[in-house]
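See below for target38.txt, which holds compact mmCIF, C-alpha atoms.
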```txt
# COMPACT_ATOMS: atom_id res chain seq x y z
CA MET A 1 -57.62 105.90 208.12
CA ASN A 2 -55.30 105.09 211.05
CA GLU A 3 -55.62 101.41 210.20
CA THR A 4 -54.55 102.08 206.62
CA VAL A 5 -51.51 104.06 207.78
CA GLY A 6 -50.64 101.29 210.25
CA LYS A 7 -50.87 98.66 207.50
CA LEU A 8 -48.69 100.79 205.24
CA ILE A 9 -46.05 101.20 207.94
CA ASP A 10 -46.04 97.45 208.69
CA SER A 11 -45.92 96.49 205.01
CA PRO A 12 -42.73 94.71 203.86
CA TRP A 13 -42.99 96.71 200.62
CA THR A 14 -42.78 100.02 202.52
CA GLU A 15 -39.73 98.72 204.38
CA LEU A 16 -38.14 97.60 201.12
CA ALA A 17 -38.83 100.94 199.42
CA ALA A 18 -37.45 102.94 202.36
CA ARG A 19 -34.36 100.71 202.61
CA TRP A 20 -33.58 100.86 198.91
CA VAL A 21 -34.19 104.61 198.62
CA LEU A 22 -32.04 105.43 201.67
CA GLY A 23 -29.35 102.98 200.53
CA ALA A 24 -29.32 104.44 197.00
CA ILE A 25 -29.11 108.01 198.32
CA PHE A 26 -26.04 107.16 200.39
CA LEU A 27 -24.43 105.27 197.50
CA PHE A 28 -24.92 108.33 195.30
CA ALA A 29 -23.57 110.67 198.00
CA ALA A 30 -20.55 108.42 198.58
CA PHE A 31 -19.64 108.22 194.89
CA HIS A 32 -19.08 111.99 194.49
CA LYS A 33 -17.04 112.20 197.68
CA ILE A 34 -14.82 109.25 196.71
CA MET A 35 -14.15 110.81 193.30
CA ALA A 36 -13.17 114.18 194.80
CA PRO A 37 -11.86 113.80 198.38
CA GLU A 38 -10.04 117.14 198.16
CA ILE A 39 -13.31 119.04 197.65
CA PHE A 40 -15.02 117.02 200.38
CA ALA A 41 -12.18 117.80 202.82
CA LYS A 42 -12.67 121.50 202.11
CA ALA A 43 -16.39 121.13 202.78
CA ILE A 44 -15.62 119.51 206.16
CA TYR A 45 -13.20 122.35 206.94
CA SER A 46 -15.90 124.87 206.05
CA TYR A 47 -18.04 123.69 208.97
CA GLY A 48 -15.36 124.97 211.35
CA LEU A 49 -16.18 122.21 213.86
CA PHE A 50 -13.64 119.45 213.36
CA PRO A 51 -10.02 119.25 214.62
CA GLU A 52 -7.52 120.06 211.87
CA ASN A 53 -5.77 116.68 212.11
CA SER A 54 -9.02 114.79 211.63
CA ILE A 55 -10.28 116.55 208.48
CA ASN A 56 -8.40 114.51 205.85
CA LEU A 57 -9.06 111.22 207.67
CA ILE A 58 -12.79 112.01 207.78
CA ALA A 59 -12.69 112.89 204.06
CA ILE A 60 -10.97 109.58 203.27
CA ILE A 61 -13.01 107.23 205.51
CA LEU A 62 -16.55 108.69 205.71
CA PRO A 63 -17.45 108.18 202.01
CA LEU A 64 -16.51 104.49 202.21
CA LEU A 65 -18.58 104.16 205.39
CA GLU A 66 -21.51 105.62 203.46
CA LEU A 67 -20.78 103.30 200.51
CA PHE A 68 -20.70 100.06 202.51
CA SER A 69 -23.65 101.07 204.68
CA GLY A 70 -25.60 101.96 201.52
CA LEU A 71 -24.69 98.59 199.95
CA SER A 72 -25.73 96.77 203.13
CA LEU A 73 -29.18 98.36 202.91
CA VAL A 74 -29.63 97.68 199.20
CA PHE A 75 -28.55 94.04 199.41
CA GLY A 76 -29.95 93.33 202.86
CA LEU A 77 -26.67 92.08 204.27
CA TYR A 78 -25.56 93.35 207.70
CA TYR A 79 -28.33 95.85 207.14
CA ARG A 80 -29.02 96.60 210.81
CA GLY A 81 -25.38 97.53 211.33
CA GLY A 82 -25.58 99.64 208.15
CA ILE A 83 -28.77 101.36 209.32
CA ALA A 84 -27.20 102.05 212.74
CA ILE A 85 -24.16 103.63 211.03
CA LEU A 86 -26.33 105.79 208.76
CA CYS A 87 -28.46 106.91 211.73
CA GLY A 88 -25.25 107.80 213.60
CA LEU A 89 -23.87 109.75 210.62
CA LEU A 90 -27.18 111.57 210.10
CA SER A 91 -27.26 112.52 213.80
CA ILE A 92 -23.74 113.98 213.46
CA PHE A 93 -24.72 115.89 210.27
CA ILE A 94 -27.83 117.28 212.00
CA ALA A 95 -25.83 118.31 215.08
CA ALA A 96 -23.16 120.01 212.89
CA LEU A 97 -25.72 121.85 210.73
CA SER A 98 -27.77 122.95 213.77
CA THR A 99 -24.69 124.20 215.62
CA ASN A 100 -23.65 126.36 212.66
CA LEU A 101 -27.19 127.60 212.13
CA ILE A 102 -27.47 128.64 215.79
CA ARG A 103 -24.05 130.35 215.93
CA GLY A 104 -24.61 131.96 212.52
CA HIS A 105 -21.43 130.47 211.08
CA GLN A 106 -21.10 131.07 207.35
CA PHE A 107 -18.10 130.21 205.27
CA ASP A 108 -17.12 131.25 201.79
CA CYS A 109 -13.72 130.08 200.63
CA GLY A 110 -13.99 132.23 197.50
CA CYS A 111 -13.04 129.16 195.53
CA PHE A 112 -14.05 128.31 191.99
CA SER A 113 -15.46 125.04 193.27
CA ALA A 114 -17.62 125.78 196.32
CA GLY A 115 -17.13 124.11 199.69
CA GLY A 116 -19.96 123.43 202.13
CA PRO A 117 -23.40 125.02 202.39
CA ASN A 118 -23.12 128.75 202.75
CA SER A 119 -26.42 130.54 203.02
CA GLY A 120 -28.89 130.08 205.88
CA SER A 121 -31.62 128.73 203.59
CA ASP A 122 -29.23 126.07 202.23
CA VAL A 123 -28.52 124.92 205.77
CA VAL A 124 -32.23 124.78 206.71
CA ASN A 125 -33.00 122.71 203.58
CA LEU A 126 -30.18 120.30 204.39
CA LEU A 127 -31.34 120.08 207.99
CA ILE A 128 -34.92 119.20 206.99
CA ARG A 129 -33.63 116.62 204.48
CA ASP A 130 -31.37 114.96 207.06
CA ILE A 131 -34.13 114.85 209.69
CA LEU A 132 -36.41 113.08 207.16
CA PHE A 133 -33.62 110.59 206.39
CA LEU A 134 -33.10 110.01 210.11
CA ILE A 135 -36.82 109.29 210.61
CA ALA A 136 -36.60 106.76 207.73
CA GLY A 137 -33.49 105.26 209.36
CA TRP A 138 -35.22 104.83 212.72
CA TYR A 139 -38.22 103.26 210.99
CA LEU A 140 -35.90 100.73 209.30
CA LEU A 141 -34.06 100.02 212.54
CA VAL A 142 -37.19 99.24 214.60
CA PHE A 143 -39.15 97.52 211.79
CA LYS A 144 -40.32 94.14 213.14
CA GLY A 145 -42.04 92.61 210.10
CA HIS A 146 -40.76 90.48 207.27
CA ARG A 147 -37.98 92.11 205.21
CA ARG A 148 -38.02 91.39 201.49
CA CYS A 149 -35.03 90.95 199.17
CA CYS A 150 -32.43 90.40 201.89
CA ILE A 151 -29.36 88.23 201.30
CA GLN A 152 -29.04 87.80 205.04
CA LYS A 153 -31.65 85.61 206.72
CA LYS A 154 -33.36 87.18 209.72
CA ILE A 155 -31.42 86.31 212.90
CA MET B 1 -32.13 90.92 217.00
CA PRO B 2 -29.93 91.44 220.08
CA PHE B 3 -27.86 94.64 220.26
CA GLY B 4 -24.68 92.55 220.39
CA ASN B 5 -25.28 91.33 216.83
CA ILE B 6 -26.02 94.82 215.57
CA PHE B 7 -22.79 95.99 217.20
CA LYS B 8 -20.82 93.18 215.55
CA GLU B 9 -22.28 94.10 212.13
CA LEU B 10 -21.50 97.74 212.78
CA LEU B 11 -17.88 96.97 213.68
CA THR B 12 -17.50 94.71 210.62
CA LEU B 13 -18.78 97.44 208.30
CA LEU B 14 -16.58 100.01 210.04
CA GLY B 15 -13.47 97.82 209.70
CA VAL B 16 -14.12 97.02 206.03
CA SER B 17 -14.81 100.71 205.30
CA ILE B 18 -11.61 101.97 206.96
CA ALA B 19 -9.42 99.33 205.29
CA THR B 20 -10.96 99.89 201.84
CA ALA B 21 -10.82 103.68 202.25
CA LEU B 22 -7.08 103.62 202.96
CA VAL B 23 -6.39 101.26 200.04
CA ILE B 24 -8.48 103.34 197.59
CA ASN B 25 -6.87 106.57 198.77
CA PHE B 26 -3.42 105.02 198.32
CA PHE B 27 -4.05 103.90 194.73
CA SER B 28 -6.47 106.59 193.51
CA PRO B 29 -5.00 109.45 191.46
CA ALA B 30 -7.43 111.72 193.33
CA GLY B 31 -6.11 110.52 196.71
CA ILE B 32 -5.16 113.07 199.36
CA ALA B 33 -2.48 113.21 202.07
CA VAL B 34 -3.44 111.70 205.44
CA PHE B 35 -3.01 115.11 207.05
CA GLY B 36 -3.70 118.38 205.24
CA ASN B 37 -2.94 121.97 206.16
CA TRP B 38 -6.01 123.60 207.71
CA ASP B 39 -4.24 126.39 209.57
CA THR B 40 -4.33 129.71 207.70
CA THR B 41 -1.34 131.06 209.67
CA ALA B 42 0.75 128.22 208.20
CA GLY B 43 -0.26 129.05 204.63
CA VAL B 44 -3.09 128.25 202.26
CA VAL B 45 -5.56 125.69 203.61
CA SER B 46 -5.81 122.54 201.53
CA ALA B 47 -6.15 118.79 201.83
CA LYS B 48 -2.84 118.50 199.94
CA PRO B 49 -2.69 116.00 197.12
CA LYS B 50 -1.04 112.66 197.81
CA GLY B 51 2.72 112.70 197.16
CA TYR B 52 2.55 116.43 197.85
CA GLN B 53 5.57 118.34 196.68
CA ASP B 54 6.37 121.33 198.79
CA THR B 55 5.54 124.50 196.90
CA VAL B 56 6.50 126.79 199.77
CA SER B 57 9.51 128.11 197.86
CA ALA B 58 7.11 129.25 195.10
CA GLU B 59 4.82 131.02 197.57
CA ILE B 60 4.83 134.76 198.09
CA ASN B 61 3.86 135.05 201.74
CA ASP B 62 3.20 138.76 202.10
CA VAL B 63 1.50 141.40 200.04
CA GLU B 64 4.54 143.74 200.00
CA SER B 65 6.68 141.12 198.23
CA ALA B 66 3.92 140.63 195.67
CA LYS B 67 3.84 144.40 195.13
CA ALA B 68 7.64 144.46 194.69
CA ILE B 69 7.35 141.86 191.91
CA PHE B 70 4.48 143.85 190.38
CA ASP B 71 6.59 147.04 190.44
CA GLN B 72 9.61 145.37 188.82
CA GLY B 73 7.45 144.71 185.76
CA GLY B 74 7.75 141.72 183.48
CA ALA B 75 5.70 139.42 185.70
CA VAL B 76 2.17 138.48 184.66
CA PHE B 77 -0.44 138.23 187.41
CA ILE B 78 -2.90 135.41 186.71
CA ASP B 79 -6.31 135.48 188.40
CA ALA B 80 -7.51 131.94 189.26
CA ARG B 81 -10.96 133.04 190.45
CA SER B 82 -14.18 132.88 188.45
CA GLU B 83 -14.67 135.31 185.56
CA ALA B 84 -17.46 137.05 187.50
CA SER B 85 -15.12 137.73 190.45
CA PHE B 86 -12.44 138.93 188.02
CA LEU B 87 -14.87 141.39 186.42
CA GLN B 88 -15.83 142.77 189.82
CA GLY B 89 -12.19 143.68 190.44
CA HIS B 90 -8.69 142.33 189.93
CA VAL B 91 -5.00 143.18 190.22
CA ALA B 92 -4.15 145.79 187.57
CA ASP B 93 -3.22 144.22 184.21
CA ALA B 94 -3.94 140.72 185.54
CA VAL B 95 -5.11 137.99 183.16
CA SER B 96 -8.21 135.93 184.00
CA LEU B 97 -7.64 132.19 183.92
CA PRO B 98 -10.26 130.47 186.13
CA VAL B 99 -8.78 127.18 187.23
CA GLY B 100 -11.92 125.34 186.07
CA GLN B 101 -11.50 126.70 182.52
CA PHE B 102 -7.76 126.14 182.31
CA PHE B 103 -7.71 123.88 179.24
CA GLU B 104 -10.14 126.10 177.30
CA LYS B 105 -8.06 129.22 177.83
CA ILE B 106 -4.44 128.14 178.21
CA GLN B 107 -3.65 128.31 174.48
CA MET B 108 -4.24 132.07 174.50
CA LEU B 109 -1.67 132.39 177.30
CA LEU B 110 0.85 130.10 175.60
CA ASN B 111 0.61 132.24 172.44
CA ARG B 112 1.18 135.45 174.35
CA TYR B 113 3.84 134.62 176.96
CA GLU B 114 7.18 132.80 176.73
CA PRO B 115 7.83 129.84 179.08
CA SER B 116 10.45 131.94 180.90
CA THR B 117 7.88 134.63 181.86
CA THR B 118 7.32 135.02 185.61
CA MET B 119 3.72 134.07 186.37
CA VAL B 120 2.14 135.08 189.68
CA THR B 121 -1.10 133.22 190.41
CA TYR B 122 -3.58 134.44 192.99
CA CYS B 123 -7.17 133.85 194.13
CA SER B 124 -9.17 134.86 197.22
CA GLY B 125 -6.62 134.37 199.97
CA ARG B 126 -5.50 131.63 202.30
CA THR B 127 -8.78 129.72 202.41
CA CYS B 128 -8.62 129.29 198.63
CA ASP B 129 -6.13 126.93 197.00
CA ASP B 130 -7.17 127.56 193.38
CA SER B 131 -3.97 129.61 192.92
CA HIS B 132 -1.95 126.50 193.89
CA LYS B 133 -3.91 124.33 191.46
CA LEU B 134 -3.37 126.89 188.72
CA ALA B 135 0.35 127.10 189.52
CA ARG B 136 0.66 123.31 189.17
CA LEU B 137 -1.18 123.40 185.83
CA LEU B 138 0.97 126.25 184.52
CA THR B 139 4.11 124.36 185.52
CA ASP B 140 2.74 121.25 183.76
CA VAL B 141 2.33 123.14 180.46
CA GLY B 142 5.90 124.40 180.61
CA TYR B 143 6.06 127.70 182.51
CA LEU B 144 9.32 127.78 184.43
CA ASN B 145 8.85 130.66 186.89
CA VAL B 146 5.49 130.29 188.55
CA ARG B 147 4.90 131.99 191.91
CA ILE B 148 1.84 131.90 194.15
CA PHE B 149 0.63 135.06 195.88
CA ILE B 150 -1.15 133.31 198.75
CA ASP B 151 -2.92 136.29 200.35
CA GLY B 152 -4.68 136.96 197.06
CA TYR B 153 -6.90 139.75 195.84
CA PRO B 154 -8.56 140.73 199.17
CA ALA B 155 -5.15 141.53 200.73
CA TRP B 156 -4.08 143.39 197.58
CA VAL B 157 -7.17 145.64 197.69
CA GLU B 158 -6.88 146.15 201.43
CA SER B 159 -3.33 147.45 200.93
CA GLY B 160 -4.62 149.94 198.37
CA TYR B 161 -2.45 148.55 195.57
CA PRO B 162 -3.41 149.08 191.91
CA SER B 163 -6.51 147.21 190.86
CA GLU B 164 -9.11 147.68 188.18
```

Take the structure in this file and express it as structure tokens.
Amino acid sequence: MNETVGKLIDSPWTELAARWVLGAIFLFAAFHKIMAPEIFAKAIYSYGLFPENSINLIAIILPLLELFSGLSLVFGLYYRGGIAILCGLLSIFIAALSTNLIRGHQFDCGCFSAGGPNSGSDVVNLLIRDILFLIAGWYLLVFKGHRRCCIQKKI
Amino acid sequence: MPFGNIFKELLTLLGVSIATALVINFFSPAGIAVFGNWDTTAGVVSAKPKGYQDTVSAEINDVESAKAIFDQGGAVFIDARSEASFLQGHVADAVSLPVGQFFEKIQMLLNRYEPSTTMVTYCSGRTCDDSHKLARLLTDVGYLNVRIFIDGYPAWVESGYPSE
């Protein structure tokens, strides 16, 4: 049983699947934020954690960081840098969500288009999702085997 | 792979992302200002659209001034919140026009009110900028006197002013 799991973890196909799925998820996430930076900025504000002067800059830059990191994973070009960025972003998301969960911070802007996650259960779901993504990110970062479908040759 | 190479890749991706982000934001119609207003004491919080035109002169900054306009009569209060929020309670005689359903419902308003009518938009207070979005849309379709009651319905109710 353990041997089977070990083989699965070391398989280039598992690495490829994890890299493509994580890359595609971030591409999808980036697309919505790029199309509506105003709504994303409000979502960042709703966390109540970031300095006021940084909110718009985060809303402008972060989606493109997700986009290029997602592309790097899908095409296998600069993928380790891309994985490192995604792991860093996921760690920040997890820290932000946990902080608000612990301090019981909830935000409702009363807007027609909602901002960030509001109820406790939403936050817990997001937290579990991001932790799973982070585990996948770490797996991709430390993977030592052959990587399939990469534009970049292994250095 | 040595950490130095990972770091170089990371910096390359970071540089490309920042440069592309600024270019896209500059050319995109959905682009936002580099700095928004996120301080409720300075007004309604919002990322501010790019090329933001100051609407401060159109803002009604305190609930008493909004009540004075209400008492004068002739002004129409327009509720930018969702229909469900409107049904739970709204400024007396206000008209519901959720900002997300603007184009479905605007014709009804155009048929009923002249372009010279004073329109006062409101939503849920200073953390909500739907009233600003609605004010921009109303101005775009030809209304000439659009004001924004930035403290919105919660402040109106708290002051005990007429609602239904």

**OP:** Could you please tell me, as a PyMOL selection string, which residues of chain B have an atom within 8 Å of chain A when using only C-alpha atoms?
**Re:** chain B and resi 1+6-11+13-14+17-18+20-22+25+30-39+46-49+80-82+98-100+123-124+127-130

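Minimum distance to Gly137 of chain A across A:Leu71, A:Ala29, A:Ile151, A:Leu86 (counting all atoms listed in the file) occurs at A:Leu86.
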
**OP:** Considering all atoms listed in the file, return as JSON, numbers by chain whatever protein or nucleic-acid residues lie within 12 Å of Tyr153 of chain B, sequence-local ones (same chain, fewer than 5 positions apart) excluded.
**Re:** {"A": [110], "B": [62, 63, 66, 67, 77, 78, 79, 80, 81, 85, 86, 88, 89, 90, 91, 92, 94, 120, 121, 122, 123, 124, 125, 126, 128, 131, 148, 158, 159, 160, 161, 162, 163, 164]}

Subject >> Å distance separating atom CA of Phe26 of chain A from atom CA of Val45 of chain B, one decimal place >> reply: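 These two atoms are separated by 27.8 Å.
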
Segment 63-72 of chain A, all listed atoms, 4 Å padding on each side: what axis-aligned box centre and edge lengths in Å to one decimal come out, as JSON?
```
{"center_x": -21.1, "center_y": 102.5, "center_z": 202.7, "size_x": 17.2, "size_y": 19.4, "size_z": 13.4}
```

**OP:** One decimal, Å: what's the distance from atom CA of Gly145 of chain A over to atom CA of Ile9 of chain A, could you say?
**Re:** 9.7 Å

Original post:
What does the distance between atom CA of Gly76 of chain A and atom CA of Leu22 of chain A come to in Å, to one decimal place?
Top reply: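 According to the coordinates, atom CA of Gly76 of chain A and atom CA of Leu22 of chain A are separated by 12.3 Å.
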
Subject >> Surrounding residues of Gly70 of chain A excluding itself and chain neighbours under 6 positions, 7 Å, all atoms listed in the file, as a ChimeraX atom specification >> reply: /A:23-24,26-27

Original post:
Which of these, A:Arg103, A:Phe75, A:Gln152, A:His146, has the shortest distance to Trp20 of chain A once you count only C-alpha atoms?
Top reply: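 Smallest distance to Trp20 of chain A is found for A:Phe75.
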
Original post:
With only C-alpha atoms as the atoms that count, which of B:Ala42, B:Ser96, B:Ala58, B:Lys50 lies nearest to Phe26 of chain B?
Top reply: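 Ranking B:Ala42, B:Ser96, B:Ala58, B:Lys50 by distance to Phe26 of chain B, first place goes to B:Lys50.
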